[in-house]
Structure formats: C-alpha cells, structure tokens
Amino acid sequence: MAQPGPTFYVLHGSDEFTRAERVAEFRQRLGPPETADLNTTWLDGRAVTLGDLRHACEAVPFLADRRLVLVTGLLTRLGKGKGQGERAFLEELLDLLPRLPETTRLVFIEEGPLPDSHPVLRLAREHERGYARRFEPPAPKALPQWIVRRVQKYRGRIEPPAAARLAQAVGSDLRLLDQEIRKLITYVGPEGAITTADISRLVPYVQQAVVFDLVDALGRRDGRVAVSTLQRLLDDGESPMGILAMIVRQFRLLIQVKELSQAGENPASIARTLRLHPFPARKLYTQAANFTAAQLERIYRHLLETDLQIKSGNLAVEVALDLLVAGLTGGG
C-alpha cells in the first residue's frame, strides 16, 4: 500500500519567482482554473488566527479531491516568538499539522529564509506528512546555466556566450530573465539559436549594463577598465553623443538615488519613487555608495559643461569622452 503524500509544505527563501511557480503547480493540480479558484483559500499570516486556519483546512473540497490553503508570512511571524499568545498558537499549530485531512494541502509561503531551528520547518523536514524547500536564486557563476536550462524548457536554444551576456545584462532577477528569454525565443523562432547579437538587439538592459560597468570603473578611479568599457560601447555601435547622454542620465539618477538613500529609502521604494525597474534601481543603490554627494554633484556639473562645449563646437565629442574618462579617473 502506497504511503500517503505530504499534506503540509513550507516554501521559504528569497527566490520569489521559482517559489511562485511551485505554488502555481499546486493550483494546476486542482483541475481547471474555475475549479482551482473554488478550492483555493489565501490567508494573510500576519493576521490569521488558529481558528481561521483550522476552518480553512477542515473545509470539504467542492467538485475536486482536495483543497489548497495558502498562508503567507505566518511562520516568520510565529518565529519571532513574541507574546504568550503567539507561543500558544505555535504549539497548537505543531499539534494540528500532522493531523490535517487527506483532502487538504496546506502551504506556508515565506518571503525570506527561515532559520533551521524553526519548529515548523523542522517538523516539515522530519515528518512523513511534511515537505520543506528553500528557494534561493542561483549564484552569479551559475546564472548562465540557469538561462540555458530555462531556454531548453521553452524548447529553444541559446549559444553559451549569449547566455553569459544575458546574465551580465539582467542579473539575478529571474522573473525579468524569464520575460526576456520568452521574447528572444519568439524572435529567433523554433529553429533558431539565440546569439549575442540577438541579446544586444532585443534586451534593453544590455547597453545599460555596460554603462553601469563604465560608471563602476569611474567610481573606482580605474582608468584602464573605464577606457576599455568605453571602447566596448563604441565597438557595439553606440554613437559618442549617445554614450555621453547615457552617462549624464546615469549620474543624474545617481544623485537622486543618493539623496533618497540618505533619507532612509531602500532600493524597492527608490524604484517606485523614480519609476525604475527594480533591477537598475538596485544597481544604482549599490553604485551610489561609491561616491559622496559632493562628488556626484561635481561630476554632474562637469558632464553638463562637457556637453555645452561639444554643442558649441569647441570640442569634438570623441575627444571629450576621452578627456572625461581621464579626468574622472585621475582624481575626480
């Protein structure tokens, strides 16, 4: 006789994208979307009571063989162990979980990693009715291989240098990577392989990523890397004036990000305030730490003066870029 499968699950960690896909798989097992909706209950763990949870878990499925109860944030809340009421909640929950009805699938969803000592996490790992998985994004070195596997999942092909280029451009935002991969596969068609040229043509973050590299080098006062990165942009077909415009925009954003970060804002709130995608917002937040506010203001004035010199015909744009890089890495 087959052993019964898990009835309660702990899905935790910072990889929201893969975790959300796992939750979607649970819903798909309930049948058509209309049936899944009728048999899915979402509970906010920050406010849910044990009575709410027990009632949801004991409800009978409707036109299906099981119900899905999704609870967000409860284990993080209980793990803080504040107050006698929370401790009693945890004790009763530990008693309830092994006795859940066979028709119930209770899934705890936690946005961050839980400590190994968390009682519910330990129970999920040790009990035959439990299951636990920690979701973390791949390390930077493993990201190109993740991209290759993702492309293969969609029955596409990608050249290894293109996977590395895409990883460098987008970073570890898996949801954004998945969007770009789908777009690239549609572009090259079922018989084509994604190349670095396709990445440069279709992914809006590629040139932006190179500009980030250039500004990183300027922040480190690394003239050699700054010059080679500038040459990469020129070799990729960017116009000198276009490069200058991107650098000006980058430092204008860095000034804004610096001011917001000094006011206590985090990358997520900065992205909302400046209407940026979370990926460049995080990069800008990290990059702003390489400069003082005074340095950013001084560099920005220098950039505007350079732009004026070019537009007035006093300086060739190629010469201006070389002087700009030399000046900013020489002690700016």
# chains A, B, ... in the order shown; residues from 1 in each chain; ligands from 1
$ closest_atom_pairs --of "region 239-274 of chain A" --to "region 309-313 of chain A" --cutoff "12 Å" --atoms "only C-alpha atoms" --output "CSV"
residue,atom,partner,partner_atom,distance
A:Pro240,CA,A:Ile310,CA,10.9
A:Met241,CA,A:Ile310,CA,9.2
A:Leu244,CA,A:Ile310,CA,10.5
$ closest_atom_pairs --of "region 234-283 of chain A" --to "region 170-186 of chain A" --cutoff "10 Å" --atoms "only C-alpha atoms" --output "JSON lines"
{"residue": "A:His277", "atom": "CA", "partner": "A:Leu176", "partner_atom": "CA", "distance": 9.6}
{"residue": "A:Pro278", "atom": "CA", "partner": "A:Asp173", "partner_atom": "CA", "distance": 8.6}
{"residue": "A:Phe279", "atom": "CA", "partner": "A:Asp173", "partner_atom": "CA", "distance": 6.8}
{"residue": "A:Pro280", "atom": "CA", "partner": "A:Val170", "partner_atom": "CA", "distance": 8.8}
{"residue": "A:Lys283", "atom": "CA", "partner": "A:Gly171", "partner_atom": "CA", "distance": 9.5}
$ write_last_selection --atoms "N, CA and C atoms" --output "short mmCIF file (atom, residue, chain, number, x, y, z; two decimals), in the first residue's frame"
data_model
loop_
_atom_site.label_atom_id
_atom_site.label_comp_id
_atom_site.auth_asym_id
_atom_site.auth_seq_id
_atom_site.Cartn_x
_atom_site.Cartn_y
_atom_site.Cartn_z
N HIS A 277 12.70 50.18 -13.08
CA HIS A 277 12.57 48.75 -12.85
C HIS A 277 13.44 48.40 -11.64
N PRO A 278 13.03 47.41 -10.84
CA PRO A 278 13.82 47.06 -9.64
C PRO A 278 15.28 46.73 -9.92
N PHE A 279 15.58 46.13 -11.11
CA PHE A 279 16.96 45.75 -11.40
C PHE A 279 17.90 46.96 -11.45
N PRO A 280 17.65 47.96 -12.33
CA PRO A 280 18.55 49.12 -12.32
C PRO A 280 18.49 49.90 -11.01
N LYS A 283 20.96 48.28 -8.76
CA LYS A 283 22.32 48.59 -9.21
C LYS A 283 22.70 50.02 -8.86
#
$ closest_residue --among "A:Glu128, A:Val319, A:Arg275, A:Arg252" --to "Arg301 (chain A)" --atoms "only C-alpha atoms"
A:Arg252
$ residues_around --residues "region 119-121 of chain A" --least-positions-apart "2" --cutoff "12 Å" --atoms "only C-alpha atoms" --output "compact mmCIF listing (two decimals) with C-alpha atoms, in the first residue's frame"
# COMPACT_ATOMS: atom_id res chain seq x y z
CA PHE A 8 1.69 20.47 4.64
CA TYR A 9 4.51 22.31 2.90
CA VAL A 10 7.00 25.02 3.86
CA LEU A 11 8.25 27.07 0.90
CA HIS A 12 10.72 29.72 2.02
CA LEU A 74 2.75 33.14 9.26
CA LEU A 75 5.90 31.18 10.11
CA THR A 76 8.03 34.31 10.09
CA ARG A 77 5.54 35.91 12.46
CA LEU A 78 5.48 32.91 14.80
CA GLY A 79 9.25 32.52 14.65
CA LYS A 80 9.67 35.85 16.40
CA GLY A 81 8.01 34.26 19.43
CA ARG A 87 3.76 30.80 21.52
CA PHE A 89 -0.50 29.47 18.52
CA LEU A 90 2.76 27.79 17.52
CA GLU A 91 2.26 24.87 19.92
CA GLU A 92 -1.27 24.23 18.69
CA LEU A 93 -0.16 24.52 15.07
CA LEU A 94 2.52 21.89 15.63
CA ASP A 95 -0.19 19.63 17.02
CA LEU A 96 -2.55 20.33 14.11
CA LEU A 97 -0.18 19.79 11.16
CA PRO A 98 0.33 16.01 11.41
CA VAL A 107 1.27 25.56 2.03
CA PHE A 108 3.22 28.06 4.11
CA ILE A 109 4.86 30.72 1.92
CA GLU A 110 7.67 32.78 3.45
CA PRO A 113 14.68 32.09 4.62
CA LEU A 114 13.59 30.57 7.91
CA PRO A 115 16.20 29.56 10.48
CA ASP A 116 16.90 25.83 10.64
CA SER A 117 15.74 25.88 14.25
CA LEU A 123 8.59 19.26 11.58
CA ALA A 124 8.14 19.61 7.82
CA ARG A 125 11.58 18.11 7.23
CA GLU A 126 11.19 15.23 9.67
CA HIS A 127 7.52 14.21 9.45
CA GLY A 130 5.56 17.34 5.69
CA TYR A 131 7.75 18.83 2.97
CA ALA A 132 10.15 21.79 3.05
CA ARG A 133 12.13 23.56 0.37
CA ARG A 134 14.27 26.68 0.47
$ residues_around --residues "Pro61 (chain A)" --least-positions-apart "2" --cutoff "9 Å" --atoms "only C-alpha atoms" --output "VMD selection string"
chain A and resid 38 to 39 59 63 to 68 103 to 104
$ atom_distance --atom1 "CA of Gln168 (chain A)" --atom2 "CA of Val23 (chain A)"
28.4 Å
$ residues_around --residues "Glu265 (chain A)" --least-positions-apart "6" --cutoff "12 Å" --atoms "only C-alpha atoms" --output "ChimeraX atom specification"
/A:256-259,271-274,281-282,285
$ write_last_selection --atoms "N, CA and C atoms" --output "short mmCIF file (atom, residue, chain, number, x, y, z; two decimals), in the first residue's frame"
data_model
loop_
_atom_site.label_atom_id
_atom_site.label_comp_id
_atom_site.auth_asym_id
_atom_site.auth_seq_id
_atom_site.Cartn_x
_atom_site.Cartn_y
_atom_site.Cartn_z
N GLN A 256 19.94 61.43 -7.53
CA GLN A 256 18.61 61.24 -6.94
C GLN A 256 18.60 60.04 -5.97
N VAL A 257 19.25 58.95 -6.39
CA VAL A 257 19.30 57.76 -5.55
C VAL A 257 20.08 58.04 -4.27
N LYS A 258 21.17 58.79 -4.39
CA LYS A 258 21.97 59.14 -3.22
C LYS A 258 21.14 59.92 -2.21
N GLU A 259 20.40 60.89 -2.71
CA GLU A 259 19.56 61.71 -1.82
C GLU A 259 18.49 60.85 -1.14
N ALA A 271 12.86 52.51 -6.40
CA ALA A 271 12.34 52.11 -7.71
C ALA A 271 10.94 52.69 -7.94
N ARG A 272 10.10 52.65 -6.90
CA ARG A 272 8.75 53.20 -7.03
C ARG A 272 8.78 54.72 -7.20
N THR A 273 9.61 55.40 -6.42
CA THR A 273 9.67 56.86 -6.46
C THR A 273 10.16 57.36 -7.81
N LEU A 274 11.22 56.72 -8.34
CA LEU A 274 11.82 57.17 -9.60
C LEU A 274 11.24 56.46 -10.81
N ALA A 281 17.35 49.88 -10.33
CA ALA A 281 17.26 50.60 -9.04
C ALA A 281 18.23 49.99 -8.02
N ARG A 282 18.30 48.66 -7.99
CA ARG A 282 19.24 48.01 -7.07
C ARG A 282 20.68 48.31 -7.44
N TYR A 285 21.51 51.85 -6.45
CA TYR A 285 21.63 51.96 -5.00
C TYR A 285 23.03 51.52 -4.55
#
$ select_by_dssp --residues "region 94-283 of chain A" --states "strand (DSSP E)" --output "PyMOL selection string"
chain A and resi 104-110+130-134+157-158+193-194
$ select_by_dssp --residues "region 17-197 of chain A" --states "helix (DSSP H, G or I)" --output "NGL selection string"
:A and (17-28 or 33-38 or 50-58 or 74-79 or 84-99 or 119-126 or 140-153 or 160-170 or 174-188 or 196-197)
$ residues_around --residues "region 233-235 of chain A" --least-positions-apart "6" --cutoff "12 Å" --atoms "only C-alpha atoms" --output "PyMOL selection string"
chain A and resi 200+206-214+226-227+241-244+246-247+318+321
$ residues_around --residues "Asp37 (chain A)" --least-positions-apart "4" --cutoff "12 Å" --atoms "only C-alpha atoms" --output "list in words"
Ala24, Phe26, Arg27, Gln28, Arg29, Leu30, Gly31, Pro32, Pro33, Thr41, Trp42, Pro61, Phe62, Leu63, Ala64, Arg67, Leu68 and Val69 of chain A
$ write_last_selection --atoms "C-alpha atoms" --output "PDB file, in the first residue's frame"
ATOM      1  CA  ALA A  24       1.151  27.637  -9.484  1.00  0.00           C
ATOM      2  CA  PHE A  26      -0.216  23.205  -6.758  1.00  0.00           C
ATOM      3  CA  ARG A  27      -3.132  25.132  -8.260  1.00  0.00           C
ATOM      4  CA  GLN A  28      -2.856  23.349 -11.610  1.00  0.00           C
ATOM      5  CA  ARG A  29      -3.277  20.006  -9.855  1.00  0.00           C
ATOM      6  CA  LEU A  30      -6.719  21.093  -8.674  1.00  0.00           C
ATOM      7  CA  GLY A  31      -8.033  20.994 -12.220  1.00  0.00           C
ATOM      8  CA  PRO A  32      -9.444  23.738 -14.473  1.00  0.00           C
ATOM      9  CA  PRO A  33      -8.990  27.359 -13.274  1.00  0.00           C
ATOM     10  CA  THR A  41      -8.009  29.781   0.106  1.00  0.00           C
ATOM     11  CA  TRP A  42      -5.400  32.515   0.629  1.00  0.00           C
ATOM     12  CA  PRO A  61     -13.377  20.190  -1.399  1.00  0.00           C
ATOM     13  CA  PHE A  62     -16.010  21.204  -3.962  1.00  0.00           C
ATOM     14  CA  LEU A  63     -16.094  19.074  -7.125  1.00  0.00           C
ATOM     15  CA  ALA A  64     -12.443  18.111  -6.544  1.00  0.00           C
ATOM     16  CA  ARG A  67      -8.383  21.782  -1.258  1.00  0.00           C
ATOM     17  CA  LEU A  68      -5.413  24.152  -1.274  1.00  0.00           C
ATOM     18  CA  VAL A  69      -4.777  26.514   1.660  1.00  0.00           C
TER      19      VAL A  69
END
$ atom_distance --atom1 "CA of Arg46 (chain A)" --atom2 "CA of Glu86 (chain A)"
11.3 Å
$ closest_residue --among "A:Pro101, A:Gly156, A:Gly13, A:Gly5" --to "Glu191 (chain A)" --atoms "only C-alpha atoms"
A:Gly156
$ closest_residue --among "A:Leu284, A:Thr306, A:Leu202, A:Thr329" --to "Val225 (chain A)" --atoms "only C-alpha atoms"
A:Thr329
$ closest_residue --among "A:Leu328, A:Leu166, A:Leu323, A:Leu143" --to "Ala197 (chain A)" --atoms "only C-alpha atoms"
A:Leu166
